[in-house]
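Colleague: Okay, so here is input_23.tsv, and as you'll see once you scroll down, it has TSV, C-alpha atoms.
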```tsv
chain	number	residue	atom	x	y	z
A	10	MET	CA	-20.24	10.25	8.54
A	11	LYS	CA	-19.36	12.88	5.99
A	12	SER	CA	-17.72	12.05	2.70
A	13	SER	CA	-15.48	14.31	0.66
A	14	LYS	CA	-16.99	16.44	-2.06
A	15	ARG	CA	-14.51	15.02	-4.53
A	16	ASP	CA	-15.61	11.41	-4.14
A	17	SER	CA	-19.23	12.02	-3.14
A	18	GLY	CA	-19.07	9.32	-0.49
A	19	SER	CA	-18.47	6.52	-2.98
A	20	LEU	CA	-17.28	4.21	-0.17
A	21	VAL	CA	-19.74	5.16	2.56
A	22	ASP	CA	-20.76	2.05	4.53
A	23	LYS	CA	-17.52	0.31	3.49
A	24	VAL	CA	-14.94	-0.85	6.03
A	25	ALA	CA	-11.26	-0.97	5.11
A	26	LEU	CA	-8.05	-2.16	6.73
A	27	VAL	CA	-4.79	-0.54	5.64
A	28	THR	CA	-1.64	-2.07	7.08
A	29	GLY	CA	1.43	0.06	7.65
A	30	ALA	CA	-0.56	3.30	7.76
A	31	SER	CA	1.58	5.41	10.11
A	32	ARG	CA	3.21	7.18	7.17
A	33	GLY	CA	4.14	6.85	3.52
A	34	VAL	CA	2.06	5.02	0.94
A	35	GLY	CA	-0.07	3.34	3.63
A	36	LYS	CA	-1.02	6.69	5.11
A	37	GLY	CA	-1.86	8.07	1.68
A	38	ILE	CA	-4.10	5.11	0.94
A	39	ALA	CA	-5.85	5.45	4.28
A	40	LEU	CA	-6.46	9.16	3.68
A	41	ALA	CA	-7.92	8.54	0.23
A	42	LEU	CA	-10.24	5.79	1.47
A	43	GLY	CA	-11.40	8.04	4.31
A	44	GLU	CA	-11.81	10.86	1.81
A	45	ALA	CA	-14.16	8.58	-0.13
A	46	GLY	CA	-16.26	7.87	2.97
A	47	ALA	CA	-14.93	4.53	4.22
A	48	THR	CA	-14.31	3.63	7.85
A	49	VAL	CA	-10.60	2.86	7.85
A	50	PHE	CA	-8.75	0.68	10.36
A	51	LEU	CA	-5.09	1.62	10.51
A	52	THR	CA	-2.28	-0.65	11.65
A	53	GLY	CA	1.39	-0.07	12.36
A	54	ARG	CA	3.87	0.02	15.22
A	55	THR	CA	3.79	3.79	15.75
A	56	LEU	CA	0.62	4.67	17.61
A	57	LYS	CA	1.72	8.13	18.80
A	58	GLU	CA	4.14	10.68	17.40
A	59	GLY	CA	7.61	10.16	18.85
A	60	GLN	CA	7.25	6.38	19.17
A	61	ALA	CA	8.54	5.54	15.70
A	62	THR	CA	11.07	2.76	15.24
A	63	VAL	CA	12.63	4.73	12.36
A	64	PRO	CA	13.70	8.41	12.27
A	65	LEU	CA	10.65	9.55	10.34
A	66	PRO	CA	7.55	11.54	11.28
A	67	GLY	CA	4.08	10.06	11.35
A	68	SER	CA	1.84	7.97	13.57
A	69	LEU	CA	-1.45	6.10	13.44
A	70	GLU	CA	-3.14	8.75	15.59
A	71	GLU	CA	-1.94	11.46	13.21
A	72	THR	CA	-3.28	9.54	10.21
A	73	ALA	CA	-6.64	9.09	11.94
A	74	ALA	CA	-6.80	12.81	12.75
A	75	GLU	CA	-6.12	13.73	9.11
A	76	ILE	CA	-8.81	11.32	7.94
A	77	ALA	CA	-11.24	13.12	10.26
A	78	THR	CA	-10.40	16.46	8.61
A	79	LEU	CA	-11.38	14.89	5.29
A	80	GLY	CA	-14.75	13.88	6.69
A	81	GLY	CA	-13.92	10.22	7.23
A	82	ARG	CA	-13.26	7.97	10.19
A	83	GLY	CA	-9.91	6.38	10.99
A	84	ILE	CA	-9.44	3.81	13.76
A	85	PRO	CA	-5.81	3.34	14.84
A	86	CYS	CA	-4.76	-0.15	15.95
A	87	LYS	CA	-1.20	-0.60	17.11
A	88	CYS	CA	0.04	-3.81	15.50
A	89	ASP	CA	3.41	-5.36	14.77
A	90	HIS	CA	2.84	-7.33	11.58
A	91	GLY	CA	5.70	-9.60	12.50
A	92	ASP	CA	3.46	-11.02	15.26
A	93	ASP	CA	0.62	-13.17	13.91
A	94	ARG	CA	-1.32	-12.93	17.17
A	95	GLN	CA	-1.49	-9.15	16.93
A	96	VAL	CA	-2.68	-9.37	13.33
A	97	LYS	CA	-5.41	-11.85	14.27
A	98	SER	CA	-6.49	-9.57	17.11
A	99	VAL	CA	-7.01	-6.67	14.70
A	100	ILE	CA	-9.22	-8.78	12.41
A	101	GLU	CA	-11.22	-9.97	15.42
A	102	LYS	CA	-11.70	-6.33	16.50
A	103	ILE	CA	-13.01	-5.40	13.06
A	104	GLU	CA	-15.43	-8.32	13.08
A	105	ARG	CA	-16.57	-7.57	16.63
A	106	THR	CA	-17.09	-3.83	16.17
A	107	GLN	CA	-18.10	-3.58	12.49
A	108	GLY	CA	-19.30	-7.02	11.49
A	109	GLN	CA	-17.80	-6.57	8.05
A	110	LEU	CA	-14.63	-5.93	6.07
A	111	ASP	CA	-14.79	-4.80	2.46
A	112	ILE	CA	-11.26	-3.67	1.58
A	113	LEU	CA	-7.86	-4.97	2.70
A	114	VAL	CA	-4.70	-3.16	1.64
A	115	ASN	CA	-1.54	-5.12	2.37
A	116	ASN	CA	1.05	-2.36	2.62
A	117	ALA	CA	3.07	-3.16	5.79
A	118	TRP	CA	6.77	-3.30	4.87
A	119	SER	CA	9.98	-3.21	6.87
A	120	GLY	CA	12.31	-3.50	3.89
A	121	TYR	CA	13.37	0.16	3.97
A	122	GLU	CA	14.27	0.40	7.65
A	123	ASN	CA	18.03	0.17	7.09
A	124	LEU	CA	17.81	2.98	4.55
A	125	HIS	CA	15.88	5.13	7.00
A	126	ARG	CA	18.65	4.57	9.53
A	127	ASP	CA	21.26	5.57	6.92
A	128	GLN	CA	22.57	2.00	6.66
A	129	TYR	CA	23.17	1.59	2.94
A	130	TYR	CA	24.13	-1.85	1.67
A	131	ASN	CA	25.30	-1.38	-1.89
A	132	GLY	CA	26.77	-4.30	-3.73
A	133	ARG	CA	25.86	-7.71	-5.05
A	134	PHE	CA	23.68	-10.10	-3.08
A	135	TRP	CA	26.57	-11.92	-1.38
A	136	GLU	CA	28.01	-8.58	-0.25
A	137	ARG	CA	24.84	-7.62	1.61
A	138	PRO	CA	23.69	-8.90	5.03
A	139	ILE	CA	21.23	-11.80	4.98
A	140	SER	CA	19.03	-9.71	7.30
A	141	GLU	CA	18.07	-7.69	4.23
A	142	TRP	CA	16.18	-10.71	2.93
A	143	ASP	CA	14.49	-11.30	6.29
A	144	SER	CA	13.33	-7.69	6.63
A	145	LYS	CA	11.63	-7.76	3.25
A	146	PHE	CA	9.98	-11.14	3.63
A	147	GLU	CA	8.83	-11.15	7.28
A	148	VAL	CA	7.01	-7.81	7.34
A	149	GLY	CA	6.26	-7.76	3.66
A	150	VAL	CA	5.58	-11.00	1.85
A	151	ARG	CA	4.74	-13.13	4.90
A	152	SER	CA	2.70	-10.46	6.65
A	153	ASN	CA	0.63	-9.96	3.48
A	154	TYR	CA	-0.15	-13.67	3.48
A	155	VAL	CA	-0.98	-13.82	7.19
A	156	THR	CA	-3.22	-10.75	7.16
A	157	SER	CA	-5.06	-11.99	4.08
A	158	THR	CA	-5.50	-15.43	5.64
A	159	TYR	CA	-7.14	-14.01	8.76
A	160	ALA	CA	-9.18	-11.44	6.81
A	161	ALA	CA	-10.46	-13.65	3.97
A	162	PRO	CA	-13.36	-15.30	5.85
A	163	LEU	CA	-14.68	-11.89	6.94
A	164	LEU	CA	-14.33	-10.47	3.43
A	165	ILE	CA	-16.07	-13.49	1.94
A	166	THR	CA	-19.11	-13.14	4.21
A	167	GLN	CA	-19.83	-9.85	2.40
A	168	GLY	CA	-20.09	-11.60	-0.94
A	169	SER	CA	-17.79	-8.97	-2.41
A	170	GLY	CA	-14.51	-7.39	-1.48
A	171	LEU	CA	-11.07	-6.26	-2.55
A	172	ILE	CA	-7.56	-7.22	-1.47
A	173	VAL	CA	-4.75	-4.99	-2.75
A	174	ASN	CA	-1.13	-6.06	-2.39
A	175	ILE	CA	1.17	-3.05	-2.70
A	176	SER	CA	4.05	-4.10	-4.92
A	177	PHE	CA	6.53	-2.46	-7.25
A	178	TYR	CA	7.81	-2.74	-10.79
A	179	SER	CA	11.16	-4.13	-9.58
A	180	ALA	CA	9.33	-7.46	-9.70
A	181	GLN	CA	9.73	-7.24	-13.49
A	182	HIS	CA	12.62	-4.82	-13.88
A	183	ALA	CA	15.98	-5.35	-12.14
A	184	LEU	CA	17.10	-2.64	-9.72
A	185	GLY	CA	20.28	-4.33	-8.60
A	186	ASN	CA	18.78	-5.53	-5.31
A	187	THR	CA	18.02	-9.25	-5.38
A	188	SER	CA	16.05	-9.56	-2.14
A	189	TYR	CA	13.91	-6.52	-2.99
A	190	SER	CA	13.05	-7.72	-6.48
A	191	VAL	CA	12.28	-11.28	-5.35
A	192	ALA	CA	10.03	-9.98	-2.53
A	193	LYS	CA	8.02	-7.89	-4.96
A	194	LEU	CA	7.79	-10.73	-7.47
A	195	ALA	CA	6.45	-12.94	-4.67
A	196	THR	CA	3.90	-10.25	-3.82
A	197	ASP	CA	2.72	-10.19	-7.43
A	198	LYS	CA	2.46	-13.97	-7.59
A	199	MET	CA	0.56	-14.02	-4.29
A	200	ALA	CA	-2.09	-11.77	-5.83
A	201	VAL	CA	-2.44	-14.13	-8.79
A	202	GLU	CA	-2.80	-17.24	-6.63
A	203	MET	CA	-5.08	-15.61	-4.06
A	204	ALA	CA	-7.32	-14.40	-6.87
A	205	ARG	CA	-7.52	-17.96	-8.13
A	206	ASP	CA	-8.48	-19.30	-4.68
A	207	LEU	CA	-11.06	-16.54	-4.26
A	208	ARG	CA	-12.95	-17.31	-7.48
A	209	GLY	CA	-16.66	-17.58	-6.84
A	210	THR	CA	-16.53	-15.76	-3.50
A	211	GLY	CA	-17.05	-12.23	-4.82
A	212	VAL	CA	-13.68	-11.16	-3.40
A	213	ILE	CA	-10.79	-10.34	-5.71
A	214	CYS	CA	-7.08	-9.74	-5.19
A	215	VAL	CA	-4.75	-7.53	-7.24
A	216	ALA	CA	-1.19	-6.23	-7.03
A	217	LEU	CA	-0.67	-2.48	-7.37
A	218	TYR	CA	2.46	-0.63	-8.53
A	219	PRO	CA	2.93	2.98	-7.42
A	220	GLY	CA	5.48	5.10	-9.25
A	221	LEU	CA	8.05	7.30	-7.52
A	222	VAL	CA	6.11	8.39	-4.41
A	223	ARG	CA	6.98	11.42	-2.29
A	224	THR	CA	6.98	9.57	1.02
A	225	GLU	CA	8.67	10.88	4.14
A	226	GLY	CA	11.57	8.52	3.51
A	227	VAL	CA	12.07	9.55	-0.12
A	228	MET	CA	11.86	13.25	0.72
A	229	ARG	CA	14.01	13.02	3.85
A	230	GLY	CA	17.01	15.32	3.57
A	231	ARG	CA	16.00	16.73	0.19
A	232	GLU	CA	16.49	20.49	-0.07
A	233	ASP	CA	14.48	20.67	-3.29
A	234	PRO	CA	10.88	19.51	-2.71
A	235	VAL	CA	10.27	19.21	-6.46
A	236	LEU	CA	10.60	15.64	-7.72
A	237	PRO	CA	9.56	15.36	-11.38
A	238	ASP	CA	7.37	12.43	-12.45
A	239	SER	CA	6.54	11.69	-8.82
A	240	GLU	CA	3.28	10.94	-7.03
A	241	SER	CA	1.86	11.91	-3.66
A	242	PRO	CA	0.97	9.02	-1.33
A	243	ARG	CA	-2.70	9.99	-1.63
A	244	TYR	CA	-2.54	9.56	-5.41
A	245	VAL	CA	-1.82	5.88	-4.78
A	246	GLY	CA	-4.75	5.87	-2.39
A	247	ARG	CA	-7.06	7.32	-4.98
A	248	ALA	CA	-6.20	4.38	-7.22
A	249	VAL	CA	-7.29	2.00	-4.45
A	250	ALA	CA	-10.47	4.01	-3.82
A	251	ALA	CA	-11.31	3.94	-7.53
A	252	LEU	CA	-10.86	0.17	-7.65
A	253	ALA	CA	-13.01	-0.30	-4.55
A	254	ALA	CA	-15.81	1.80	-6.05
A	255	ASP	CA	-15.70	0.05	-9.44
A	256	LYS	CA	-18.69	-2.29	-9.75
A	257	LYS	CA	-16.89	-4.18	-12.52
A	258	VAL	CA	-13.60	-4.57	-10.66
A	259	ARG	CA	-13.83	-8.37	-10.84
A	260	ARG	CA	-12.44	-8.23	-14.35
A	261	LYS	CA	-9.13	-7.12	-12.83
A	262	ALA	CA	-8.80	-10.10	-10.48
A	263	GLY	CA	-5.26	-11.46	-10.30
A	264	LYS	CA	-3.79	-8.64	-12.37
A	265	VAL	CA	-0.81	-6.40	-11.74
A	266	LEU	CA	-2.02	-2.80	-12.00
A	267	VAL	CA	-0.13	0.49	-12.30
A	268	VAL	CA	-1.37	3.58	-10.44
A	269	GLY	CA	-0.77	5.94	-13.37
A	270	GLU	CA	-2.65	3.70	-15.76
A	271	LEU	CA	-5.60	3.50	-13.37
A	272	ALA	CA	-5.63	7.30	-13.18
A	273	LYS	CA	-6.11	7.46	-16.94
A	274	GLU	CA	-8.83	4.80	-16.81
A	275	TYR	CA	-10.81	6.21	-13.88
A	276	GLY	CA	-10.01	9.90	-14.34
A	277	PHE	CA	-8.69	10.74	-10.87
A	278	ARG	CA	-5.83	13.19	-10.31
A	279	ASP	CA	-3.18	13.84	-7.72
A	280	THR	CA	-3.72	16.29	-4.87
A	281	ASP	CA	-2.21	19.14	-6.92
A	282	GLY	CA	-4.48	18.43	-9.87
A	283	SER	CA	-1.77	16.76	-11.94
A	284	MET	CA	-1.74	13.30	-13.52
A	285	PRO	CA	1.88	12.08	-13.23
A	286	LYS	CA	3.29	10.00	-16.05
A	287	PRO	CA	2.69	6.31	-15.25
A	288	PHE	CA	5.33	3.64	-15.16
A	289	HIS	CA	4.45	1.80	-18.33
A	290	LEU	CA	5.96	-1.68	-18.44
A	291	THR	CA	6.97	-3.09	-21.79
A	292	LYS	CA	6.85	-6.81	-22.59
A	293	SER	CA	10.54	-7.01	-21.72
A	294	GLY	CA	9.74	-5.70	-18.23
A	295	LYS	CA	11.56	-2.39	-18.78
A	296	SER	CA	10.12	0.97	-17.86
A	297	ILE	CA	9.88	3.71	-20.48
A	298	ASN	CA	9.97	6.24	-17.63
A	299	LYS	CA	13.74	5.96	-17.37
A	300	SER	CA	14.47	9.18	-15.48
A	301	ALA	CA	12.12	8.28	-12.60
A	302	ALA	CA	13.39	4.69	-12.65
A	303	GLU	CA	16.93	5.91	-12.10
A	304	ARG	CA	15.88	8.12	-9.19
A	305	ILE	CA	14.13	5.13	-7.59
A	306	ARG	CA	17.24	3.00	-8.09
A	307	GLN	CA	19.33	5.66	-6.34
A	308	ALA	CA	16.83	5.97	-3.48
A	309	LEU	CA	16.80	2.22	-2.81
A	310	GLY	CA	20.58	1.88	-2.71
```
Would you mind writing the file out in structure tokens?

Modeller:
Amino acid sequence: MKSSKRDSGSLVDKVALVTGASRGVGKGIALALGEAGATVFLTGRTLKEGQATVPLPGSLEETAAEIATLGGRGIPCKCDHGDDRQVKSVIEKIERTQGQLDILVNNAWSGYENLHRDQYYNGRFWERPISEWDSKFEVGVRSNYVTSTYAAPLLITQGSGLIVNISFYSAQHALGNTSYSVAKLATDKMAVEMARDLRGTGVICVALYPGLVRTEGVMRGREDPVLPDSESPRYVGRAVAALAADKKVRRKAGKVLVVGELAKEYGFRDTDGSMPKPFHLTKSGKSINKSAAERIRQALG
């Protein structure tokens, strides 16, 4: 299997699972891991273009095809992460066909589906439907836990491995959306507790904060493609790839990491050669990148 020139095959012989990889951040992460030489299993509900449950482009087969153009290998696995049996089946397939799992990226998330359907619920928590909470916790917090639970024994057999929970800085900085912020705080705490349980196994768990990412949902309907201080989905993926290739990554176990800060540490850049300004969190939990923070607040409703 070929690896990209940029990463020199730093993850060749590694097997990864990226959940929610039909589009968005998950797709970007899958592309970057494939770019670095990994075999990447891709999960989501949209296997083929035109089957999406939201009005957005992207599919697992499309992601796999793009990974192939980068010299990697993507294996699409249709999976509803709200169904534990389907999740378990994916892990069993990885064990049966590969005999190993080195990287798990918990990215599956249904918390934006109302926004994608133009159903905006502005207002305080009691003015929003309770279903908002359910959408963020079922395929989000709970699915992260379930996937990690099924995957952990396979990761541990390798004697080393990485679990990345995709989170967001709303866990520490209020965006005016209670269910969203609590879900992300739970995701952060899950990384801390999982890291504690995994001590001595060689497997670590971290939470990762992207910045303002140019996903299909964020860019939908925008006439101006320029979004200052923003990141491509693959930039987030390059952060994951850098972590996975770091032989001293254990020192980061249980930590909350920021993509932009990792770019400065590891020296990777976005697909256009830029290094977007990171969201730098102060001790008070506020972001100094106020302009991008306001655009995110507007995008989330």

Colleague: Can you list every residue of region 41-140 of chain A that has an atom at most 9 Å from region 241-263 of chain A, with its nearest atom pair and the distance in Å to one decimal, using all atoms listed in the file, ordered by chain then number, as JSON lines?

Modeller:
```
{"residue": "A:Ala41", "atom": "CA", "partner": "A:Gly246", "partner_atom": "CA", "distance": 4.9}
{"residue": "A:Leu42", "atom": "CA", "partner": "A:Ala250", "partner_atom": "CA", "distance": 5.6}
{"residue": "A:Glu44", "atom": "CA", "partner": "A:Ala250", "partner_atom": "CA", "distance": 9.0}
{"residue": "A:Ala45", "atom": "CA", "partner": "A:Ala250", "partner_atom": "CA", "distance": 6.9}
{"residue": "A:Asp111", "atom": "CA", "partner": "A:Ala253", "partner_atom": "CA", "distance": 8.5}
{"residue": "A:Ile112", "atom": "CA", "partner": "A:Ala253", "partner_atom": "CA", "distance": 7.2}
{"residue": "A:Val114", "atom": "CA", "partner": "A:Val249", "partner_atom": "CA", "distance": 8.4}
```

Colleague: Tell me, counting only C-alpha atoms, for each residue of region 191-250 of chain A within 12 Å of region 155-164 of chain A, which pair of atoms is nearest and how far apart they are in Å to one decimal, in rows ordered by chain and increasing number, as a tab-separated table.

Modeller:
```
residue	atom	partner	partner_atom	distance
A:Met199	CA	A:Ser157	CA	10.3
A:Ala200	CA	A:Ser157	CA	10.3
A:Met203	CA	A:Ser157	CA	8.9
A:Ala204	CA	A:Ala161	CA	11.3
A:Asp206	CA	A:Ala161	CA	10.5
A:Leu207	CA	A:Ala161	CA	8.7
A:Thr210	CA	A:Leu164	CA	9.0
A:Gly211	CA	A:Leu164	CA	8.9
A:Val212	CA	A:Leu164	CA	6.9
A:Ile213	CA	A:Leu164	CA	9.8
A:Cys214	CA	A:Ser157	CA	9.8
```

Colleague: Would you compute the distance between CA of Leu69 (chain A) and CA of Val268 (chain A)? Give it in Å to one decimal.

Modeller: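 Pair CA of Leu69 (chain A) / CA of Val268 (chain A) returns 24.0 Å.
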
Colleague: With all atoms listed in the file as the atoms that count, which of A:Gln95, A:Leu271, A:Pro219, A:Val235 lies nearest to Ile38 (chain A)?

Modeller: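 Ranked by minimum distance to Ile38 (chain A), first place goes to A:Pro219.
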
Colleague: Neighbouring residues of Val27 (chain A) were defined as those with any atom within 9 Å, considering only C-alpha atoms; residues of the same chain fewer than 6 positions away were excluded. Please report them as a PyMOL selection string.

Modeller: chain A and resi 35-36+38-39+49-52+112-117

Colleague: So how many Å separate CA of Ile172 (chain A) and CA of Thr78 (chain A), to one decimal?

Modeller: 25.9 Å

Colleague: Name the closest residue to Gln60 (chain A) among the candidates A:Asn174, A:Lys87, A:Asn186, A:Gln109; distances are taken between atoms, counting only C-alpha atoms.

Modeller: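 For Gln60 (chain A), the nearest of the candidates is A:Lys87.
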
Colleague: State, in Å with one decimal place, the distance from CA of Gly170 (chain A) to CA of Thr72 (chain A).

Modeller: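 Distance between the two atoms: 23.4 Å.
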
Colleague: Give me, as a VMD selection string, all polymer residues having an atom no more than 9 Å from Gln107 (chain A), counting all atoms listed in the file and skipping those fewer than 4 positions away in the same chain.

Modeller: chain A and resid 24 102 to 103

Colleague: Give the centre and edge lengths of an axis-aligned box, in Å to one decimal, that holds all listed atoms of region 138-144 of chain A with 4 Å on each side, as lines of an AutoDock Vina configuration file.

Modeller:
```
center_x = 18.5
center_y = -9.7
center_z = 5.1
size_x = 18.4
size_y = 12.1
size_z = 12.4
```
